[in-house]
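Here is query_37.pdb, consisting of PDB, C-alpha atoms, pLDDT in the B column:
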```pdb
ATOM      1  CA  ALA Y 657       0.003 -14.223-147.859  1.00 55.00           C
ATOM      2  CA  GLU Y 658       0.798 -17.740-146.768  1.00 61.00           C
ATOM      3  CA  GLU Y 659       2.116 -20.263-149.287  1.00 63.00           C
ATOM      4  CA  TYR Y 660       0.984 -23.858-149.393  1.00 64.00           C
ATOM      5  CA  ASN Y 661       3.008 -26.772-150.656  1.00 67.00           C
ATOM      6  CA  LEU Y 662       0.620 -29.550-151.599  1.00 76.00           C
ATOM      7  CA  ILE Y 663       2.146 -32.984-151.389  1.00 77.00           C
ATOM      8  CA  CYS Y 664       0.494 -36.079-152.757  1.00 86.00           C
ATOM      9  CA  SER Y 665      -0.067 -38.589-149.962  1.00 90.00           C
ATOM     10  CA  ASP Y 666      -2.298 -41.644-149.692  1.00 93.00           C
ATOM     11  CA  ILE Y 667      -4.108 -40.506-146.556  1.00 91.00           C
ATOM     12  CA  ASN Y 668      -6.857 -43.158-146.462  1.00 90.00           C
ATOM     13  CA  ASN Y 669      -4.738 -46.074-147.739  1.00 89.00           C
ATOM     14  CA  ASP Y 670      -6.747 -46.668-150.935  1.00 91.00           C
ATOM     15  CA  SER Y 671      -3.734 -46.415-153.310  1.00 92.00           C
ATOM     16  CA  TYR Y 672      -4.778 -42.984-154.636  1.00 95.00           C
ATOM     17  CA  CYS Y 673      -3.101 -39.626-154.158  1.00 94.00           C
ATOM     18  CA  ASP Y 674      -4.904 -37.380-151.639  1.00 95.00           C
ATOM     19  CA  TYR Y 675      -4.152 -33.874-150.329  1.00 93.00           C
ATOM     20  CA  GLN Y 676      -4.243 -32.094-146.970  1.00 90.00           C
ATOM     21  CA  VAL Y 677      -4.199 -28.314-146.603  1.00 89.00           C
ATOM     22  CA  VAL Y 678      -3.138 -26.761-143.302  1.00 86.00           C
ATOM     23  CA  THR Y 679      -5.979 -24.564-142.066  1.00 86.00           C
ATOM     24  CA  GLU Y 680      -4.606 -23.597-138.649  1.00 82.00           C
ATOM     25  CA  ARG Y 681      -1.563 -23.886-136.441  1.00 80.00           C
ATOM     26  CA  ALA Y 682      -2.010 -23.258-132.723  1.00 75.00           C
ATOM     27  CA  ALA Y 683      -0.694 -24.155-129.257  1.00 63.00           C
ATOM     28  CA  ALA Y 684       2.916 -23.344-130.195  1.00 65.00           C
ATOM     29  CA  GLY Y 685       2.751 -25.807-133.081  1.00 66.00           C
ATOM     30  CA  ALA Y 686       1.222 -28.695-131.112  1.00 75.00           C
ATOM     31  CA  ASN Y 687      -2.105 -28.351-132.927  1.00 84.00           C
ATOM     32  CA  THR Y 688      -2.121 -28.420-136.712  1.00 85.00           C
ATOM     33  CA  SER Y 689      -5.541 -28.573-138.340  1.00 89.00           C
ATOM     34  CA  TYR Y 690      -6.098 -29.825-141.883  1.00 88.00           C
ATOM     35  CA  ALA Y 691      -8.746 -29.752-144.579  1.00 92.00           C
ATOM     36  CA  THR Y 692      -8.432 -33.086-146.382  1.00 93.00           C
ATOM     37  CA  PHE Y 693      -9.361 -33.839-149.971  1.00 95.00           C
ATOM     38  CA  LEU Y 694      -9.584 -37.508-150.951  1.00 95.00           C
ATOM     39  CA  TYR Y 695      -9.475 -38.675-154.530  1.00 95.00           C
ATOM     40  CA  ASP Y 696     -12.691 -40.346-155.672  1.00 95.00           C
ATOM     41  CA  PRO Y 697     -11.886 -42.613-158.652  1.00 94.00           C
ATOM     42  CA  LYS Y 698     -15.584 -42.960-159.561  1.00 94.00           C
ATOM     43  CA  ILE Y 699     -15.883 -39.273-160.428  1.00 95.00           C
ATOM     44  CA  LYS Y 700     -12.147 -38.694-161.037  1.00 95.00           C
ATOM     45  CA  ARG Y 701     -12.094 -35.699-158.686  1.00 96.00           C
ATOM     46  CA  PHE Y 702     -10.974 -34.764-155.203  1.00 96.00           C
ATOM     47  CA  LYS Y 703     -13.715 -34.445-152.587  1.00 96.00           C
ATOM     48  CA  TYR Y 704     -13.514 -32.719-149.224  1.00 96.00           C
ATOM     49  CA  SER Y 705     -13.596 -35.284-146.398  1.00 95.00           C
ATOM     50  CA  GLU Y 706     -14.964 -34.147-143.063  1.00 93.00           C
ATOM     51  CA  LEU Y 707     -13.911 -37.488-141.525  1.00 93.00           C
ATOM     52  CA  PHE Y 708     -10.250 -37.052-142.455  1.00 93.00           C
ATOM     53  CA  SER Y 709     -10.151 -33.315-141.651  1.00 93.00           C
ATOM     54  CA  GLY Y 710      -9.328 -31.908-138.235  1.00 90.00           C
ATOM     55  CA  ALA Y 711      -6.475 -31.465-135.803  1.00 90.00           C
ATOM     56  CA  ASN Y 712      -3.444 -33.755-136.023  1.00 90.00           C
ATOM     57  CA  VAL Y 713      -5.343 -36.369-138.034  1.00 91.00           C
ATOM     58  CA  VAL Y 714      -3.842 -39.857-138.388  1.00 92.00           C
ATOM     59  CA  TYR Y 715      -5.423 -42.848-140.155  1.00 92.00           C
ATOM     60  CA  GLU Y 716      -4.596 -46.288-138.756  1.00 92.00           C
ATOM     61  CA  SER Y 717      -5.455 -48.636-141.627  1.00 90.00           C
ATOM     62  CA  ASP Y 718      -4.843 -51.809-139.578  1.00 90.00           C
ATOM     63  CA  LYS Y 719      -7.644 -50.733-137.200  1.00 91.00           C
ATOM     64  CA  ASN Y 720      -9.679 -48.771-139.784  1.00 92.00           C
ATOM     65  CA  ARG Y 721      -9.589 -45.892-137.317  1.00 95.00           C
ATOM     66  CA  ILE Y 722      -9.032 -42.142-137.596  1.00 95.00           C
ATOM     67  CA  SER Y 723      -7.470 -40.429-134.604  1.00 94.00           C
ATOM     68  CA  THR Y 724      -7.246 -36.748-133.784  1.00 93.00           C
ATOM     69  CA  PHE Y 725      -5.412 -34.917-131.036  1.00 91.00           C
ATOM     70  CA  LEU Y 726      -5.645 -31.423-129.544  1.00 91.00           C
ATOM     71  CA  LYS Y 727      -3.526 -29.875-126.822  1.00 89.00           C
ATOM     72  CA  GLY Y 728      -5.746 -27.620-124.717  1.00 87.00           C
ATOM     73  CA  SER Y 729      -3.332 -26.237-122.121  1.00 83.00           C
ATOM     74  CA  VAL Y 730      -0.225 -27.290-120.222  1.00 82.00           C
ATOM     75  CA  LEU Y 731      -1.866 -30.390-118.725  1.00 86.00           C
ATOM     76  CA  GLU Y 732      -4.983 -30.731-120.896  1.00 91.00           C
ATOM     77  CA  TYR Y 733      -5.366 -32.955-123.956  1.00 91.00           C
ATOM     78  CA  PHE Y 734      -8.263 -34.085-126.155  1.00 94.00           C
ATOM     79  CA  PHE Y 735      -8.150 -37.315-128.172  1.00 94.00           C
ATOM     80  CA  GLU Y 736     -10.789 -38.751-130.495  1.00 96.00           C
ATOM     81  CA  TYR Y 737     -10.756 -42.155-132.146  1.00 96.00           C
ATOM     82  CA  ILE Y 738     -13.285 -42.604-134.951  1.00 96.00           C
ATOM     83  CA  ASN Y 739     -13.674 -46.337-135.502  1.00 96.00           C
ATOM     84  CA  LEU Y 740     -14.985 -47.147-138.965  1.00 94.00           C
ATOM     85  CA  LYS Y 741     -16.995 -50.183-139.999  1.00 92.00           C
ATOM     86  CA  GLU Y 742     -15.036 -52.989-141.642  1.00 86.00           C
ATOM     87  CA  ALA Y 743     -14.054 -52.137-145.246  1.00 75.00           C
ATOM     88  CA  SER Y 744     -16.046 -48.910-145.039  1.00 78.00           C
ATOM     89  CA  ASP Y 745     -15.824 -45.204-144.341  1.00 82.00           C
ATOM     90  CA  GLU Y 746     -18.983 -45.281-142.200  1.00 90.00           C
ATOM     91  CA  ILE Y 747     -18.586 -44.636-138.480  1.00 95.00           C
ATOM     92  CA  GLU Y 748     -19.168 -47.671-136.266  1.00 95.00           C
ATOM     93  CA  PHE Y 749     -18.426 -45.811-133.017  1.00 97.00           C
ATOM     94  CA  SER Y 750     -16.148 -43.098-131.692  1.00 96.00           C
ATOM     95  CA  GLU Y 751     -14.183 -42.770-128.482  1.00 97.00           C
ATOM     96  CA  GLN Y 752     -13.356 -39.442-126.880  1.00 96.00           C
ATOM     97  CA  ILE Y 753     -10.760 -38.964-124.198  1.00 95.00           C
ATOM     98  CA  HIS Y 754     -10.236 -35.789-122.216  1.00 95.00           C
ATOM     99  CA  GLN Y 755      -7.105 -35.811-120.090  1.00 92.00           C
ATOM    100  CA  LEU Y 756      -6.683 -33.039-117.531  1.00 91.00           C
ATOM    101  CA  GLY Y 757      -3.643 -33.594-115.356  1.00 88.00           C
ATOM    102  CA  ASP Y 758      -3.987 -37.140-114.034  1.00 87.00           C
ATOM    103  CA  SER Y 759      -7.770 -37.247-114.546  1.00 92.00           C
ATOM    104  CA  ILE Y 760      -9.178 -39.004-117.619  1.00 92.00           C
ATOM    105  CA  THR Y 761     -12.735 -38.962-118.922  1.00 94.00           C
ATOM    106  CA  TYR Y 762     -13.545 -41.635-121.518  1.00 95.00           C
ATOM    107  CA  LYS Y 763     -16.708 -41.556-123.666  1.00 97.00           C
ATOM    108  CA  LYS Y 764     -17.890 -44.069-126.227  1.00 97.00           C
ATOM    109  CA  LEU Y 765     -20.418 -42.721-128.727  1.00 97.00           C
ATOM    110  CA  VAL Y 766     -22.660 -44.453-131.245  1.00 96.00           C
ATOM    111  CA  ASN Y 767     -24.631 -42.158-133.590  1.00 94.00           C
ATOM    112  CA  ASN Y 768     -23.340 -39.211-131.510  1.00 92.00           C
ATOM    113  CA  GLN Y 769     -25.018 -40.634-128.388  1.00 96.00           C
ATOM    114  CA  VAL Y 770     -22.889 -41.419-125.315  1.00 96.00           C
ATOM    115  CA  ILE Y 771     -23.307 -45.110-124.505  1.00 96.00           C
ATOM    116  CA  LYS Y 772     -20.348 -45.478-122.138  1.00 96.00           C
ATOM    117  CA  LEU Y 773     -18.774 -42.973-119.743  1.00 95.00           C
ATOM    118  CA  LYS Y 774     -15.846 -43.672-117.468  1.00 94.00           C
ATOM    119  CA  LYS Y 775     -13.795 -41.350-115.279  1.00 94.00           C
ATOM    120  CA  THR Y 776     -10.480 -42.546-113.953  1.00 90.00           C
ATOM    121  CA  VAL Y 777      -7.049 -41.475-112.769  1.00 87.00           C
ATOM    122  CA  THR Y 778      -4.091 -42.258-115.001  1.00 78.00           C
ATOM    123  CA  ASP Y 779      -1.001 -44.155-113.930  1.00 71.00           C
ATOM    124  CA  ALA Y 780       2.368 -42.392-113.744  1.00 65.00           C
ATOM    125  CA  SER Y 781       2.960 -42.843-117.494  1.00 67.00           C
ATOM    126  CA  GLY Y 782      -0.305 -41.117-118.426  1.00 67.00           C
ATOM    127  CA  ASN Y 783      -1.322 -44.167-120.483  1.00 76.00           C
ATOM    128  CA  PHE Y 784      -5.025 -44.340-121.336  1.00 82.00           C
ATOM    129  CA  HIS Y 785      -4.838 -46.685-124.337  1.00 82.00           C
ATOM    130  CA  HIS Y 786      -6.092 -49.619-122.267  1.00 82.00           C
ATOM    131  CA  LEU Y 787      -9.479 -47.850-122.295  1.00 85.00           C
ATOM    132  CA  LEU Y 788      -9.803 -48.049-126.093  1.00 88.00           C
ATOM    133  CA  GLU Y 789     -11.883 -50.849-127.554  1.00 88.00           C
ATOM    134  CA  ARG Y 790      -9.639 -51.176-130.640  1.00 79.00           C
ATOM    135  CA  ASN Y 791      -6.085 -51.316-129.346  1.00 73.00           C
TER     136      ASN Y 791
END
```

What does the file become when written as structure tokens?
Amino acid sequence: AEEYNLICSDINNDSYCDYQVVTERAAAGANTSYATFLYDPKIKRFKYSELFSGANVVYESDKNRISTFLKGSVLEYFFEYINLKEASDEIEFSEQIHQLGDSITYKKLVNNQVIKLKKTVTDASGNFHHLLERN
């Protein structure tokens, strides 16, 4: 049986204690997936958040953006940036990046529909952040 140490952390930057539970560790520790429970002060309970759950989840409050990362293989990576509407937890658009070696595929999605697709080759540093609309 695996033990879990729950640590209070303000995951969504709303000044309330939230919790993440590790649901999976894979890729030699590179991929850690979480189930996230955010405190809802209106009902005074924790609620599961699909938006803040996933692999290697990070919330960037200055951009109101949730990012996730998955390592697929030695030279394969998956990134997703979920850009939220201003002062909201509703999705404005998301950006998906698949990096395989020096090849990068960028997709912008609105309502789960691809509205922009770009394939490119990365520079020597592997930097793709110039492709993101919210840098």

Could you name the residues that touch Tyr762 (chain Y) at 9 Å or less, counting all atoms listed in the file, but leaving out those on the same chain fewer than 6 positions away, as a PyMOL selection string?
chain Y and resi 751-755+772-776+784+787-788

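Between CA of Val677 (chain Y) and CA of Leu731 (chain Y) the interatomic distance comes to 28.1 Å.
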
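As for CA of His785 (chain Y) and CA of Asn687 (chain Y), they are spaced 20.4 Å apart.
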
For the point (-5.3, -39.5, -115.9) in file coordinates, what residues are within 7 Å, counting all atoms listed in the file? Give the answer as a list in words?
Gln755, Leu756, Gly757, Asp758, Ser759, Ile760, Thr776, Val777, Thr778, Asp779 and Gly782 of chain Y

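Selection by the PyMOL selection byres ((chain Y and resi 681) around 12) on the present file picks out Val677, Val678, Thr679, Glu680, Ala682, Ala683, Ala684, Gly685, Ala686, Asn687, Thr688, Ser689, Tyr690, Gly710, Ala711, Asn712, Leu726 and Lys727 of chain Y.
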
So that I have them on file, write out the residues from the current selection with C-alpha atoms, as a tab-separated table (two decimals), in the frame of the given file.
```tsv
chain	number	residue	atom	x	y	z
Y	677	VAL	CA	-4.20	-28.31	-146.60
Y	678	VAL	CA	-3.14	-26.76	-143.30
Y	679	THR	CA	-5.98	-24.56	-142.07
Y	680	GLU	CA	-4.61	-23.60	-138.65
Y	682	ALA	CA	-2.01	-23.26	-132.72
Y	683	ALA	CA	-0.69	-24.16	-129.26
Y	684	ALA	CA	2.92	-23.34	-130.20
Y	685	GLY	CA	2.75	-25.81	-133.08
Y	686	ALA	CA	1.22	-28.70	-131.11
Y	687	ASN	CA	-2.10	-28.35	-132.93
Y	688	THR	CA	-2.12	-28.42	-136.71
Y	689	SER	CA	-5.54	-28.57	-138.34
Y	690	TYR	CA	-6.10	-29.82	-141.88
Y	710	GLY	CA	-9.33	-31.91	-138.24
Y	711	ALA	CA	-6.48	-31.46	-135.80
Y	712	ASN	CA	-3.44	-33.76	-136.02
Y	726	LEU	CA	-5.64	-31.42	-129.54
Y	727	LYS	CA	-3.53	-29.88	-126.82
```

Within 10 Å of Phe693 (chain Y), counting all atoms listed in the file, which residues qualify if same-chain residues fewer than 6 places away don't, as a VMD selection string?
chain Y and resid 667 673 to 677 701 to 706 708 to 709

Env of region 718-724 of chain Y: 10 Å cut, atoms = all atoms listed in the file, seq-sep filter 6 positions within chain, self excluded. Answer as an NGL selection string.
:Y and (668-669 or 687 or 689 or 707-712 or 734-745 or 747-752 or 790-791)
